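To keep things clear, I will list the structure first and then write my remarks on it.
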Amino acid sequence: MHALLTITAKDLLLRLRDRSVLLYAIVAPLVLAGVLGLVFGADGGAPATTLGVVPAEGQVAERITDQVLPGLVDDGVLADVEVLADRDAAAAALRDGDVDAALVLPPGLDAAAAGGPDVEIEVLAGPDAPIDAAVAGALADGVASEVDLVRRVVLAGDVGTAELGRVASAASTQPSVLALVDVPVQARELDQRTYLAAGMAVFFLLFGTGIAVTGLLEEERDGTMTRLRAAPMPAWAPLGAKALTGFVVGVVSLGLLALATTFALGASWGDPLGVALVVTAGAASATGVSVAIAGLVRSHEAAQQALGVVGTALGALGGAFFPVSGDALLDVVSRATPHRWFLEGLTSLSGDGGPVDALPSVAVMLLIGLAAAAVGPLGLRRRSA
Amino acid sequence: MDPVLSCRGLRRSFGERVVVDDVGFRVAPGETYGLLGPNGAGKTTTISMVCGLLAPDGGEVVVAGMPMTPSALDAKAHVGLVPQELAVYPDLTATENLRFFGRLHRLADLAGRVEHVLDVVGLRDRADDRVSTYSGGMQRRLNIGIGLLHQPTLLVLDEPTVGVDPQSRDAILAAVEQLADDGLAVVYTSHYMEEVERLADRVGIMDHGRLVAEGTRRELVAMVGEKGQLTLTAAGDREGAARALDDVEGVERASATPEGLVATVDDASRRLPGVLGAVAAAGLDVTGVEVAEPDLEAVFLHLTGRALRD
């Protein structure tokens with residue numbers, strides 16, 4: 001243990017002096033998270049969409065225009081709502097940038113709710129504002145769902161058209177018959193700013209731990225490993241010290257990035273104890289992968305190249321840049337990366353998630369780290385034989 | 001006196017290639033043992049087994065009475081290794097390098113030992129500068145200093161002067177001489193014949209993984225019967241003086257040259273007075289004498305048919 005700590009202290013001093021770890025583990029992810037935040041317009045979740053609405057006659061349409069949409073402004077979902085005269089006025093307002101998207105409510109909503117012919121709600125949005133279009137589309141879906149719900153109530157009972165507004169209002173306030181036990185998925189998603197910060201942090205994590213651990217090959221190249229192996233200490237001490245150095249670098253870099261992105265970029269990483277667990281497991285898994293690389297390659301130069309290739313591949317597959325979704329095979333591959341589980345762990349902490357919710361991700365990361373780390377000593381033994 | 005180092009029947013292969021084959025030697029306290037041989041002769045592999053870096057496939061190494069293996073920590077504590085490479089951290093200062101290795105050896109008086117070694121290797125003035133700013137010779141001196149730090153009973157130097165300027169080389173050799181005088185057992189490997197001749201009390205000559213000869217310099221030279229060469233700068237009857245030397249004991253042959261004469265002599269230094277007396281009697285006025293003793297280079301050539309630097 002004495003030799004382990006002595007070598008670790010020396011390695012940490014060297015890593016601080018050569019600044020490579022500082023660059024890869026702190027500066028680069030922080031800068032990239034900030035830059036990507038600017039590029040993708042992550043502004044911390046403040047409502048950005050000003051919605052135009054073209055009203056229509058009838059109780060349902062009036063409820064949407066006068067109650068639902070202003071309520072969404074009050075709730076912080078929309079920045080503002082602007083009532084427009086007709087479709088042409090809505091298109092003009094969109095073109096002039098007065099609104100970000102618009103809903104055109106059709107005449108005949110009441111009739112549709114009473115079992116009459118179907119109507120269409122038109123959504124207007126610019127092609128360069130996909131988020132605003134998505135917000136407006138989601139609102140249109142909501143209106144359609146409410147109309148559909150009222151229609152079912154009307155058709156099932158003896159409700160006159162004069163009471164459509166009351167029914168609609170009452171229906172929307174009733175709890176759902178089927179309640180999900182779990183918190184809705186929407187509540188457990190990282191906001192864009194936090195996702196970028198966490199993604200960049202975990203992407204660069206392997207480079208930071210890797211530089212520290214593959215210092216083992218640097219020592220072999222420069223001859224200092226010969227001297228370490230001649231010293232009266234256990235044979236495992238040099239590799240153990242490199243792994244401990246990598247782990248410390250990983251924990252410190254992730255911790256500093258969590259703090260920096262929280263205060264500088266407005267990221268929200270979640271419950272501190274849960275974050276500590278995820279950060280610790282993430283650093284352990286990256287250290288394990290780094291030990292595997294140090295054991296499998298034959299030179300320090302090859303290790304640097306391997307770190308670049310493996311780090312980029314695992315980062316992309318693990319969703320460090322964009323969430324991985326769609327293809328089932330890709331999803332399986334993604335779940336073999338520590339990056340994916342790091343982000344899943346943080347996602348489980350969002351909303352009202354706590355440390356317990358992150359434990360599955362923490363366990364998987366530790367398993368990945370242990371499995372990878374087991375490869376390293378085998379390669380080292382083969383090399384020194 | 002019990003030897004500090006005893007090697008017996010050492011053998012080591014890498015795959016099918018036998019790198020060290022049946023090597024054995026002993027080194028006593030205060031003795032400097034030179035391992036001489038060309039690159040690839042097996043010197044570094046032998047040293048690696050002596051220091052516990054490699055386990056031998058056969059034979060044994062005993063240091064200070066303890067068997068040496070890669071896990072023999074007590075035996076390792078007795079050995080100071082100066083590797084062929086510059087095994088120092090260039091981004092640390094000399095003091096930081098020494099403190100680090102001193103901590104690994106758990107030295108009780110770490111600060112005192114660091115100060116002492118800095119004095120021994122002459123780096124006190126630059127002790128707090130990063131090693132990357134040192135000259136090659138200074139880095140070599142620090143490399144040696146780290147090997148001395150924990151006061152080993154056996155110092156192993158593996159080609160410690162490779163790439164060093166003549167001035168630094170002389171300082172390093174002088175330091176090694178002093179350490180041996182102080183009672184340290186030293187194993188010194190080199191393919192520089194003149195270094196081994198200067199330092200070593202006994203020499204082992206390695207070639208193709210085997211110890212082909214061992215002994216003092218004189219014993220080795222006598223073993224192969226190499227002759228020395230006397231070169232006289234002289235005026236007078238050079239031909240007559242050369243003929244006169246044919247009758248002098250130990251002179252194998254002599255011949256006149258434009259500057260004087262050259263004679264091949266058995267044990268040239270010892271025969272020099274007799275040679276000078278004979279040529280003076282023959283009327284030669286000698287103004288200069290050069291004695292070229294047979295050297296280990298010649299011994300190596302005789303034993304292996306190859307030059308040391310081949």
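By order in the structure tokens, chains are A, B, ...; within a chain, residues start at 1; ligands start at 1, following the order shown.
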Residues of chain B within 9 Å of chain A, counting only C-alpha atoms - could you list those as a PDB file with C-alpha atoms, in the first residue's frame?
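That gives us part.pdb:
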ATOM      1  CA  PHE B  14      13.102 -15.990 -24.951  1.00  0.00           C
ATOM      2  CA  SER B  48      18.120  -8.419 -15.121  1.00  0.00           C
ATOM      3  CA  CYS B  51      18.440  -7.620  -9.961  1.00  0.00           C
ATOM      4  CA  GLY B  52      15.300  -9.765  -9.840  1.00  0.00           C
ATOM      5  CA  LEU B  53      13.718  -8.231 -12.924  1.00  0.00           C
ATOM      6  CA  LEU B  54      13.668 -11.602 -14.666  1.00  0.00           C
ATOM      7  CA  PRO B  70      11.275 -11.131  -8.867  1.00  0.00           C
ATOM      8  CA  SER B  71       9.322 -11.404  -5.601  1.00  0.00           C
ATOM      9  CA  ALA B  72      12.344 -11.436  -3.243  1.00  0.00           C
ATOM     10  CA  LEU B  73      11.837  -7.986  -1.735  1.00  0.00           C
ATOM     11  CA  ASP B  74      14.487  -8.391   0.992  1.00  0.00           C
ATOM     12  CA  ALA B  75      17.138  -9.364  -1.555  1.00  0.00           C
ATOM     13  CA  LYS B  76      16.102  -6.490  -3.828  1.00  0.00           C
ATOM     14  CA  ALA B  77      16.640  -4.027  -0.999  1.00  0.00           C
ATOM     15  CA  VAL B  79      20.718  -4.030  -4.833  1.00  0.00           C
ATOM     16  CA  GLY B  80      21.181  -0.605  -6.398  1.00  0.00           C
ATOM     17  CA  LEU B  81      20.452  -0.719 -10.117  1.00  0.00           C
ATOM     18  CA  VAL B  82      21.620   1.872 -12.608  1.00  0.00           C
ATOM     19  CA  PRO B  83      19.813   0.879 -15.790  1.00  0.00           C
ATOM     20  CA  GLN B  84      21.136   1.435 -19.274  1.00  0.00           C
ATOM     21  CA  GLU B  85      18.296   3.873 -20.005  1.00  0.00           C
ATOM     22  CA  LEU B  86      18.086   7.204 -18.225  1.00  0.00           C
ATOM     23  CA  ALA B  87      15.626   5.962 -15.628  1.00  0.00           C
ATOM     24  CA  VAL B  88      14.690   9.364 -14.230  1.00  0.00           C
ATOM     25  CA  TYR B  89      11.566  11.518 -14.454  1.00  0.00           C
ATOM     26  CA  ASP B  91       9.442  16.597 -15.286  1.00  0.00           C
ATOM     27  CA  LEU B  92      10.592  16.232 -11.684  1.00  0.00           C
ATOM     28  CA  GLU B  96      11.969  15.103  -6.262  1.00  0.00           C
ATOM     29  CA  PHE B 100      10.419   9.493  -4.744  1.00  0.00           C
ATOM     30  CA  PHE B 101      12.797   6.551  -5.028  1.00  0.00           C
ATOM     31  CA  ARG B 103      10.260   6.724  -0.284  1.00  0.00           C
ATOM     32  CA  LEU B 104       9.901   3.495  -2.261  1.00  0.00           C
ATOM     33  CA  HIS B 105      12.842   2.176  -0.224  1.00  0.00           C
ATOM     34  CA  ARG B 106      11.280   3.547   2.984  1.00  0.00           C
ATOM     35  CA  GLY B 147      21.012   3.682  -7.564  1.00  0.00           C
TER      36      GLY B 147
END
Please provide as a JSON list (two decimals) with C-alpha atoms, in the first residue's frame all residues within 7 Å of A:Val60, with the sequence filter that same-chain residues fewer than 3 positions apart are discarded (counting only C-alpha atoms).
[["chain", "number", "residue", "atom", "x", "y", "z"],
["A", 63, "ARG", "CA", -61.91, 26.95, -23.87],
["A", 64, "ILE", "CA", -58.64, 26.28, -25.69],
["A", 109, "LEU", "CA", -64.86, 21.63, -33.20],
["A", 110, "ASP", "CA", -68.06, 21.54, -31.15],
["A", 165, "GLY", "CA", -67.64, 23.18, -22.65]]
#### Entry: Top pick for closest residue to A:Leu105, considering A:Leu124, A:Val54, A:Ala241, A:Val310 and counting only C-alpha atoms
A:Val54
Can you pull out every residue within 8 Å of stretch 39-46 of chain B, counting only C-alpha atoms, but drop anything in the same chain fewer than 5 positions away, and send it as an mmCIF file with N, CA and C atoms, in the first residue's frame?
data_model
loop_
_atom_site.group_PDB
_atom_site.id
_atom_site.type_symbol
_atom_site.label_atom_id
_atom_site.label_comp_id
_atom_site.auth_asym_id
_atom_site.auth_seq_id
_atom_site.Cartn_x
_atom_site.Cartn_y
_atom_site.Cartn_z
ATOM 1 N N LEU B 10 23.339 -19.750 -14.556
ATOM 2 C CA LEU B 10 22.189 -18.971 -15.023
ATOM 3 C C LEU B 10 21.874 -19.280 -16.481
ATOM 4 N N ARG B 12 18.675 -18.415 -19.462
ATOM 5 C CA ARG B 12 17.416 -17.731 -19.773
ATOM 6 C C ARG B 12 17.189 -17.747 -21.285
ATOM 7 N N VAL B 19 19.357 -16.811 -24.576
ATOM 8 C CA VAL B 19 20.040 -15.521 -24.461
ATOM 9 C C VAL B 19 21.174 -15.580 -23.440
ATOM 10 N N VAL B 20 20.957 -16.330 -22.371
ATOM 11 C CA VAL B 20 22.017 -16.532 -21.368
ATOM 12 C C VAL B 20 22.122 -18.034 -21.103
ATOM 13 N N LEU B 54 14.031 -10.403 -13.908
ATOM 14 C CA LEU B 54 13.668 -11.602 -14.666
ATOM 15 C C LEU B 54 13.962 -12.826 -13.809
ATOM 16 N N ASP B 158 24.565 -0.875 -15.597
ATOM 17 C CA ASP B 158 24.436 -1.459 -16.926
ATOM 18 C C ASP B 158 24.737 -0.383 -17.975
ATOM 19 N N THR B 189 28.706 -3.418 -16.405
ATOM 20 C CA THR B 189 28.690 -3.962 -17.761
ATOM 21 C C THR B 189 28.984 -2.850 -18.752
ATOM 22 N N HIS B 191 30.408 -2.267 -23.171
ATOM 23 C CA HIS B 191 31.137 -2.770 -24.334
ATOM 24 C C HIS B 191 32.300 -1.835 -24.653
ATOM 25 N N MET B 206 31.633 -11.985 -22.050
ATOM 26 C CA MET B 206 30.445 -12.686 -22.536
ATOM 27 C C MET B 206 30.362 -12.612 -24.047
ATOM 28 N N ASP B 207 29.903 -13.691 -24.633
ATOM 29 C CA ASP B 207 29.639 -13.700 -26.070
ATOM 30 C C ASP B 207 28.570 -14.749 -26.344
ATOM 31 N N HIS B 208 27.576 -14.367 -27.127
ATOM 32 C CA HIS B 208 26.482 -15.282 -27.475
ATOM 33 C C HIS B 208 25.899 -15.955 -26.239
ATOM 34 N N GLY B 209 25.738 -15.174 -25.154
ATOM 35 C CA GLY B 209 25.065 -15.668 -23.964
ATOM 36 C C GLY B 209 25.929 -16.494 -23.024
ATOM 37 N N ARG B 210 27.166 -16.719 -23.378
ATOM 38 C CA ARG B 210 28.026 -17.546 -22.527
ATOM 39 C C ARG B 210 29.187 -16.724 -21.972
ATOM 40 N N ARG B 309 33.085 -4.151 -30.757
ATOM 41 C CA ARG B 309 32.070 -3.244 -31.284
ATOM 42 C C ARG B 309 31.393 -3.780 -32.545
#
### Task
Within 8 Å of stretch 285-297 of chain B, counting only C-alpha atoms, which residues show up once you throw out same-chain ones fewer than 6 positions away? Write them as a PyMOL selection string, please.
chain B and resi 193+197+217+220-221+226-236+267-269+307-308
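Summary of the local environment: counting only C-alpha atoms, residues at most 10 Å from A:Phe322, other than itself and those fewer than 4 positions away along its chain, are Tyr195, Leu196, Gly199, Gly315, Ala316, Leu317 and Gly318 of chain A.
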Residues as selected, C-alpha atoms, written as a compact mmCIF listing (two decimals), in the first residue's frame, can you do that?
# COMPACT_ATOMS: atom_id res chain seq x y z
CA TYR A 195 -27.18 16.24 -21.46
CA LEU A 196 -24.50 18.18 -23.32
CA GLY A 199 -22.12 13.84 -22.55
CA GLY A 315 -18.56 7.93 -26.86
CA ALA A 316 -20.55 7.90 -30.09
CA LEU A 317 -22.14 4.51 -29.38
CA GLY A 318 -22.86 5.44 -25.81
### Query
Hey, what does DSSP flag as alpha helix (DSSP H) within stretch 14-224 of chain B? Can you give it to me as a PyMOL selection string?
chain B and resi 43-50+73-76+94-104+110-120+136-148+166-181+193-199+217-224
Only C-alpha atoms, please: the residues just picked out, written as a PDB file, in the first residue's frame.
ATOM      1  CA  LYS B  43      24.929  -8.810 -20.416  1.00  0.00           C
ATOM      2  CA  THR B  44      21.641  -6.967 -19.792  1.00  0.00           C
ATOM      3  CA  THR B  45      19.646 -10.203 -19.449  1.00  0.00           C
ATOM      4  CA  THR B  46      22.203 -11.439 -16.918  1.00  0.00           C
ATOM      5  CA  ILE B  47      21.923  -8.147 -15.040  1.00  0.00           C
ATOM      6  CA  SER B  48      18.120  -8.419 -15.121  1.00  0.00           C
ATOM      7  CA  MET B  49      18.310 -11.782 -13.374  1.00  0.00           C
ATOM      8  CA  VAL B  50      20.839 -10.454 -10.852  1.00  0.00           C
ATOM      9  CA  LEU B  73      11.837  -7.986  -1.735  1.00  0.00           C
ATOM     10  CA  ASP B  74      14.487  -8.391   0.992  1.00  0.00           C
ATOM     11  CA  ALA B  75      17.138  -9.364  -1.555  1.00  0.00           C
ATOM     12  CA  LYS B  76      16.102  -6.490  -3.828  1.00  0.00           C
ATOM     13  CA  ALA B  94      16.629  15.953  -8.992  1.00  0.00           C
ATOM     14  CA  THR B  95      15.472  16.303  -5.390  1.00  0.00           C
ATOM     15  CA  GLU B  96      11.969  15.103  -6.262  1.00  0.00           C
ATOM     16  CA  ASN B  97      13.361  12.139  -8.175  1.00  0.00           C
ATOM     17  CA  LEU B  98      15.570  11.154  -5.249  1.00  0.00           C
ATOM     18  CA  ARG B  99      12.790  11.640  -2.694  1.00  0.00           C
ATOM     19  CA  PHE B 100      10.419   9.493  -4.744  1.00  0.00           C
ATOM     20  CA  PHE B 101      12.797   6.551  -5.028  1.00  0.00           C
ATOM     21  CA  GLY B 102      13.880   7.024  -1.415  1.00  0.00           C
ATOM     22  CA  ARG B 103      10.260   6.724  -0.284  1.00  0.00           C
ATOM     23  CA  LEU B 104       9.901   3.495  -2.261  1.00  0.00           C
ATOM     24  CA  LEU B 110      15.377  10.496   3.577  1.00  0.00           C
ATOM     25  CA  ALA B 111      16.327  14.172   3.613  1.00  0.00           C
ATOM     26  CA  GLY B 112      19.862  13.393   4.786  1.00  0.00           C
ATOM     27  CA  ARG B 113      20.391  10.712   2.150  1.00  0.00           C
ATOM     28  CA  VAL B 114      19.070  12.974  -0.607  1.00  0.00           C
ATOM     29  CA  GLU B 115      21.475  15.737   0.404  1.00  0.00           C
ATOM     30  CA  HIS B 116      24.375  13.266   0.567  1.00  0.00           C
ATOM     31  CA  VAL B 117      23.690  11.792  -2.863  1.00  0.00           C
ATOM     32  CA  LEU B 118      23.299  15.246  -4.413  1.00  0.00           C
ATOM     33  CA  ASP B 119      26.786  15.988  -3.129  1.00  0.00           C
ATOM     34  CA  VAL B 120      28.205  12.684  -4.377  1.00  0.00           C
ATOM     35  CA  GLY B 136      23.078  14.352 -20.741  1.00  0.00           C
ATOM     36  CA  GLY B 137      25.997  13.938 -18.372  1.00  0.00           C
ATOM     37  CA  MET B 138      24.089  15.459 -15.460  1.00  0.00           C
ATOM     38  CA  GLN B 139      21.153  13.183 -16.107  1.00  0.00           C
ATOM     39  CA  ARG B 140      23.526  10.194 -16.129  1.00  0.00           C
ATOM     40  CA  ARG B 141      24.961  11.283 -12.804  1.00  0.00           C
ATOM     41  CA  LEU B 142      21.485  11.511 -11.316  1.00  0.00           C
ATOM     42  CA  ASN B 143      20.752   8.078 -12.776  1.00  0.00           C
ATOM     43  CA  ILE B 144      23.686   6.731 -10.794  1.00  0.00           C
ATOM     44  CA  GLY B 145      22.770   8.721  -7.697  1.00  0.00           C
ATOM     45  CA  ILE B 146      19.338   7.098  -7.530  1.00  0.00           C
ATOM     46  CA  GLY B 147      21.012   3.682  -7.564  1.00  0.00           C
ATOM     47  CA  LEU B 148      23.157   4.710  -4.585  1.00  0.00           C
ATOM     48  CA  PRO B 166      34.330  12.425 -22.042  1.00  0.00           C
ATOM     49  CA  GLN B 167      34.380  14.786 -19.065  1.00  0.00           C
ATOM     50  CA  SER B 168      31.200  13.364 -17.538  1.00  0.00           C
ATOM     51  CA  ARG B 169      32.380   9.838 -18.312  1.00  0.00           C
ATOM     52  CA  ASP B 170      35.555  10.409 -16.358  1.00  0.00           C
ATOM     53  CA  ALA B 171      33.559  11.796 -13.440  1.00  0.00           C
ATOM     54  CA  ILE B 172      31.287   8.754 -13.473  1.00  0.00           C
ATOM     55  CA  LEU B 173      34.190   6.318 -13.576  1.00  0.00           C
ATOM     56  CA  ALA B 174      35.912   8.140 -10.738  1.00  0.00           C
ATOM     57  CA  ALA B 175      32.736   7.951  -8.674  1.00  0.00           C
ATOM     58  CA  VAL B 176      32.467   4.195  -9.266  1.00  0.00           C
ATOM     59  CA  GLU B 177      36.116   3.739  -8.250  1.00  0.00           C
ATOM     60  CA  GLN B 178      35.454   5.624  -5.038  1.00  0.00           C
ATOM     61  CA  LEU B 179      32.375   3.526  -4.255  1.00  0.00           C
ATOM     62  CA  ALA B 180      34.352   0.304  -4.669  1.00  0.00           C
ATOM     63  CA  ASP B 181      37.078   1.734  -2.445  1.00  0.00           C
ATOM     64  CA  MET B 193      36.917  -2.088 -23.164  1.00  0.00           C
ATOM     65  CA  GLU B 194      38.838   0.826 -21.689  1.00  0.00           C
ATOM     66  CA  GLU B 195      36.199   1.430 -18.973  1.00  0.00           C
ATOM     67  CA  VAL B 196      36.239  -2.178 -17.833  1.00  0.00           C
ATOM     68  CA  GLU B 197      40.039  -2.226 -17.909  1.00  0.00           C
ATOM     69  CA  ARG B 198      40.134   0.834 -15.680  1.00  0.00           C
ATOM     70  CA  LEU B 199      37.485  -0.197 -13.159  1.00  0.00           C
ATOM     71  CA  ARG B 217      43.033  -8.465 -16.650  1.00  0.00           C
ATOM     72  CA  ARG B 218      46.513  -9.998 -16.356  1.00  0.00           C
ATOM     73  CA  GLU B 219      45.072 -13.503 -16.139  1.00  0.00           C
ATOM     74  CA  LEU B 220      42.977 -12.976 -19.216  1.00  0.00           C
ATOM     75  CA  VAL B 221      45.859 -11.566 -21.200  1.00  0.00           C
ATOM     76  CA  ALA B 222      48.094 -14.413 -20.080  1.00  0.00           C
ATOM     77  CA  MET B 223      45.369 -16.885 -20.926  1.00  0.00           C
ATOM     78  CA  VAL B 224      45.547 -16.016 -24.592  1.00  0.00           C
TER      79      VAL B 224
END
#### Entry: 8 Å contact set for A:Gly266, only C-alpha atoms, chain neighbours under 3 positions out, as number ranges by chain
A: 44, 193-194, 261-263
Just to be explicit: take each residue in the selection above, keep N, CA and C atoms, and write the result as an mmCIF file, in the first residue's frame.
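Done, and the output landed in again.cif:
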data_model
loop_
_atom_site.group_PDB
_atom_site.id
_atom_site.type_symbol
_atom_site.label_atom_id
_atom_site.label_comp_id
_atom_site.auth_asym_id
_atom_site.auth_seq_id
_atom_site.Cartn_x
_atom_site.Cartn_y
_atom_site.Cartn_z
ATOM 1 N N GLY A 44 -31.370 26.520 -20.922
ATOM 2 C CA GLY A 44 -31.725 26.222 -19.539
ATOM 3 C C GLY A 44 -33.184 25.953 -19.311
ATOM 4 N N ARG A 193 -29.180 21.065 -21.812
ATOM 5 C CA ARG A 193 -27.942 21.623 -21.267
ATOM 6 C C ARG A 193 -27.198 20.594 -20.416
ATOM 7 N N THR A 194 -27.964 19.891 -19.581
ATOM 8 C CA THR A 194 -27.338 18.878 -18.731
ATOM 9 C C THR A 194 -26.833 17.710 -19.567
ATOM 10 N N THR A 261 -20.288 23.008 -14.819
ATOM 11 C CA THR A 261 -21.414 23.137 -15.746
ATOM 12 C C THR A 261 -22.701 23.517 -15.009
ATOM 13 N N THR A 262 -22.776 23.160 -13.744
ATOM 14 C CA THR A 262 -23.946 23.573 -12.963
ATOM 15 C C THR A 262 -23.955 25.091 -12.777
ATOM 16 N N PHE A 263 -22.791 25.621 -12.405
ATOM 17 C CA PHE A 263 -22.755 27.056 -12.100
ATOM 18 C C PHE A 263 -22.546 27.919 -13.344
#
## Note on the structure
In Å and to one decimal, atom CA of B:His302 is distant from atom CA of B:Val156 by 27.6 Å
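The space separating atom CA of B:His150 from atom CA of B:Arg124 comes to 18.0 Å.
Among the candidates A:Val309, A:Leu343, A:Leu23, A:Leu329, the residue lying nearest to A:Ala358 is A:Leu343 (atoms considered: only C-alpha atoms).
In terms of minimum interatomic distance to A:Ala363, A:Leu277 ranks closest within A:Val27, A:Ala91, A:Leu277, A:Ala267, counting only C-alpha atoms.
If you measure from each of B:Asp182, B:Arg17, B:Phe300, B:Asp128 to B:Glu214 using only C-alpha atoms, the closest one turns out to be B:Phe300.
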### Task
Excluding A:Glu62 and residues on its chain fewer than 2 positions from it, collect all residues at most 12 Å away from it, counting only C-alpha atoms, and give them as a ChimeraX atom specification.
/A:53-60,64-70,83,105-107,109-110,143,164-166,168-169
